[in-house]
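**Q** Just dropping this structure here.
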Amino acid sequence: CLNELKQQGHTLAYLTLHVGAGTFKPVSASSMEDHHMHTEHFVLSKELIDQVLASLDLPIIPVGTTSMRTLESLYWLGVQCIQQPLTSGFHVSQWEPYAIESQVSTSEALQALRLRLETLQIEACEATTAILIAPGYTFRICNGLITNFHQPQSTLLLLVAALIGEDWRRVYQYAMAHGFHFLSFGDSSLLLPK
C-alpha cells in the first residue's frame, strides 16, 4: 500500500510520537474550556521540519489525529521561537493557539524552529504538546486527515469538527447508517475541508 502511494508520486514522512492514554479520555467537563488536555511526547527533528517545509505547496495529510496534533504543534513551536526564547524546552500548551494572534507564515515558523535546533547544535530532541484542536482552530500545516471514526464526547471528534465543520455530522450519520466500524480498529476515512 505505501509503495503504491510512493509510485503514484506521493511523498511519505514519518514522525515518532508517544500516544498517551489521555488521547481516549472523554470530555466530561460541562464546557470544552474546562477539559484538561493530556500531554503527548514526540521527537522534534530537523529532518521532519525539512520534509514539511519542502511540502508546503502540496496537501499535507496526516494519518491519525495525534499525528495531526504533532504537525500543527510544529507551527506553534516556531512561533514561540520567533516571539520568545525557549527556556523550558519545546512545549505547546493546550490553549496557546487560541491565545496568540499570529501573523507568522508557516514557512517562517518552521524556519525559525529549524534555526533553533541548529543553534542548539542538535539534530533532534523530545518535545511535548497538549494542543487541543477544536472548532475555531486555524490549521497552519495540515490540509486533510486520514482517521478512523471516533466516539462522541471525545477531543478526537472535536478535531474532526474543527477540520470539516458541521459536515462531521453528515459523515458520521453516513457511517452509522452503513454499518461502519468505529474506534481504533474500525474503518477509516479521508477527511478534507471544503
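If you're wondering about the labels, chains in the C-alpha cells are A, B, ... by order shown, residues count from 1 in each chain, ligands from 1 in order shown.
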When you look at A:Leu117 with a cut-off of 12 Å (counting only C-alpha atoms), what residues show up, excluding the ones that are within fewer than 4 positions of it in the same chain? I need them as JSON, numbers by chain.
**A** {"A": [44, 45, 46, 47, 48, 49, 50, 77, 78, 81, 86, 89, 90, 110, 111, 112, 113, 121, 122, 123, 124, 125, 126, 127]}
**Q** Stretch 94-100 of chain A: which residues within 8 Å, counting only C-alpha atoms, same-chain residues fewer than 5 positions away excluded, as a ChimeraX atom specification?
**A** /A:37,76,129-132,137
**Q** Please return, as a PyMOL selection string, all residues of stretch 18-145 of chain A that DSSP assigns to helix (DSSP H, G or I) on the basis of the backbone.
**A** chain A and resi 21-24+32-34+46-54+65-83+96-99+106-119
**Q** Determine the nearest neighbour of A:Val104 from the options A:Ile82, A:Leu159, A:Leu120, A:Val92, counting only C-alpha atoms.
**A**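 Counting only C-alpha atoms, the residue closest to A:Val104 is A:Ile82.
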**Q** Set the distance at 12 Å and use only C-alpha atoms: which residues neighbour A:Cys142 once local chain neighbours fewer than 4 positions away are removed? I'd like the list as number ranges by chain.
**A** A: 52, 55-65, 67-75, 106, 133, 137-138, 146, 159, 162-163, 191-193
**Q** Could you please take those selected residues and save N, CA, C and O atoms as a short mmCIF file (atom, residue, chain, number, x, y, z; two decimals), in the first residue's frame?
**A**
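selection_13.cif written:
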```
data_model
loop_
_atom_site.label_atom_id
_atom_site.label_comp_id
_atom_site.auth_asym_id
_atom_site.auth_seq_id
_atom_site.Cartn_x
_atom_site.Cartn_y
_atom_site.Cartn_z
N VAL A 52 8.49 18.84 6.00
CA VAL A 52 7.28 19.65 5.98
C VAL A 52 7.52 20.92 5.16
O VAL A 52 6.69 21.29 4.32
N SER A 55 7.23 20.45 1.55
CA SER A 55 5.91 20.02 1.08
C SER A 55 4.82 21.06 1.27
O SER A 55 3.64 20.77 1.06
N LEU A 56 5.18 22.27 1.66
CA LEU A 56 4.16 23.27 1.98
C LEU A 56 3.27 23.64 0.80
O LEU A 56 2.14 24.09 1.00
N ASP A 57 3.75 23.46 -0.42
CA ASP A 57 2.92 23.77 -1.59
C ASP A 57 2.07 22.57 -2.02
O ASP A 57 1.35 22.64 -3.02
N LEU A 58 2.13 21.48 -1.28
CA LEU A 58 1.35 20.27 -1.55
C LEU A 58 0.38 20.02 -0.40
O LEU A 58 0.60 20.51 0.71
N PRO A 59 -0.67 19.22 -0.62
CA PRO A 59 -1.52 18.84 0.51
C PRO A 59 -0.72 18.01 1.52
O PRO A 59 -0.02 17.08 1.14
N ILE A 60 -0.81 18.37 2.77
CA ILE A 60 -0.18 17.61 3.85
C ILE A 60 -1.31 16.95 4.63
O ILE A 60 -2.10 17.64 5.28
N ILE A 61 -1.37 15.63 4.53
CA ILE A 61 -2.49 14.89 5.11
C ILE A 61 -1.94 13.85 6.08
O ILE A 61 -1.44 12.80 5.66
N PRO A 62 -2.01 14.13 7.37
CA PRO A 62 -1.51 13.15 8.35
C PRO A 62 -2.43 11.95 8.47
O PRO A 62 -3.62 12.03 8.14
N VAL A 63 -1.85 10.86 8.92
CA VAL A 63 -2.63 9.67 9.23
C VAL A 63 -2.75 9.62 10.75
O VAL A 63 -1.77 9.39 11.45
N GLY A 64 -3.93 9.91 11.24
CA GLY A 64 -4.19 9.89 12.68
C GLY A 64 -4.27 11.28 13.28
O GLY A 64 -3.55 12.20 12.89
N THR A 65 -5.15 11.39 14.26
CA THR A 65 -5.37 12.67 14.93
C THR A 65 -4.15 13.12 15.73
O THR A 65 -3.84 14.31 15.79
N SER A 67 -1.05 12.45 14.99
CA SER A 67 -0.07 12.95 14.02
C SER A 67 -0.43 14.37 13.60
O SER A 67 0.45 15.22 13.43
N MET A 68 -1.72 14.64 13.44
CA MET A 68 -2.15 15.99 13.09
C MET A 68 -1.80 16.97 14.21
O MET A 68 -1.29 18.06 13.95
N ARG A 69 -2.05 16.57 15.44
CA ARG A 69 -1.72 17.45 16.58
C ARG A 69 -0.21 17.73 16.61
O ARG A 69 0.22 18.84 16.88
N THR A 70 0.58 16.72 16.33
CA THR A 70 2.04 16.89 16.33
C THR A 70 2.46 17.86 15.23
O THR A 70 3.23 18.79 15.48
N LEU A 71 1.96 17.65 14.01
CA LEU A 71 2.35 18.52 12.90
C LEU A 71 1.90 19.96 13.14
O LEU A 71 2.66 20.91 12.90
N GLU A 72 0.70 20.15 13.63
CA GLU A 72 0.22 21.51 13.91
C GLU A 72 1.04 22.15 15.03
O GLU A 72 1.27 23.36 15.03
N SER A 73 1.52 21.35 15.96
CA SER A 73 2.35 21.88 17.06
C SER A 73 3.68 22.43 16.55
O SER A 73 4.24 23.34 17.16
N LEU A 74 4.18 21.90 15.43
CA LEU A 74 5.42 22.42 14.87
C LEU A 74 5.30 23.91 14.58
O LEU A 74 6.22 24.69 14.84
N TYR A 75 4.16 24.31 14.03
CA TYR A 75 3.95 25.73 13.74
C TYR A 75 4.05 26.56 15.01
O TYR A 75 4.74 27.58 15.05
N THR A 106 3.59 30.00 7.87
CA THR A 106 4.01 28.65 8.22
C THR A 106 5.48 28.44 7.90
O THR A 106 6.23 27.88 8.70
N ILE A 133 -7.22 20.82 19.50
CA ILE A 133 -7.74 21.33 18.24
C ILE A 133 -9.25 21.13 18.25
O ILE A 133 -9.74 20.00 18.31
N TYR A 137 -10.29 26.57 15.51
CA TYR A 137 -8.85 26.47 15.29
C TYR A 137 -8.55 26.73 13.81
O TYR A 137 -9.27 26.28 12.93
N THR A 138 -7.46 27.45 13.54
CA THR A 138 -7.00 27.69 12.17
C THR A 138 -5.83 26.76 11.88
O THR A 138 -4.80 26.85 12.54
N ILE A 146 -6.50 11.49 7.51
CA ILE A 146 -6.95 10.10 7.42
C ILE A 146 -7.08 9.61 8.85
O ILE A 146 -6.12 9.66 9.62
N LEU A 159 -11.57 17.57 17.03
CA LEU A 159 -10.58 17.84 16.00
C LEU A 159 -11.19 17.64 14.61
O LEU A 159 -11.00 18.46 13.71
N ALA A 162 -13.34 20.51 13.84
CA ALA A 162 -12.54 21.69 13.52
C ALA A 162 -12.09 21.66 12.07
O ALA A 162 -12.01 22.69 11.41
N LEU A 163 -11.79 20.47 11.55
CA LEU A 163 -11.29 20.33 10.19
C LEU A 163 -12.39 20.46 9.15
O LEU A 163 -12.24 21.20 8.17
N LEU A 191 -10.71 12.71 5.32
CA LEU A 191 -11.50 13.91 5.58
C LEU A 191 -10.79 15.12 5.01
O LEU A 191 -9.61 15.36 5.31
N LEU A 192 -11.50 15.87 4.18
CA LEU A 192 -10.96 17.07 3.56
C LEU A 192 -11.90 18.24 3.83
O LEU A 192 -13.13 18.09 3.66
N PRO A 193 -11.37 19.38 4.21
CA PRO A 193 -12.25 20.55 4.42
C PRO A 193 -12.77 21.04 3.08
O PRO A 193 -12.18 20.79 2.03
#
```
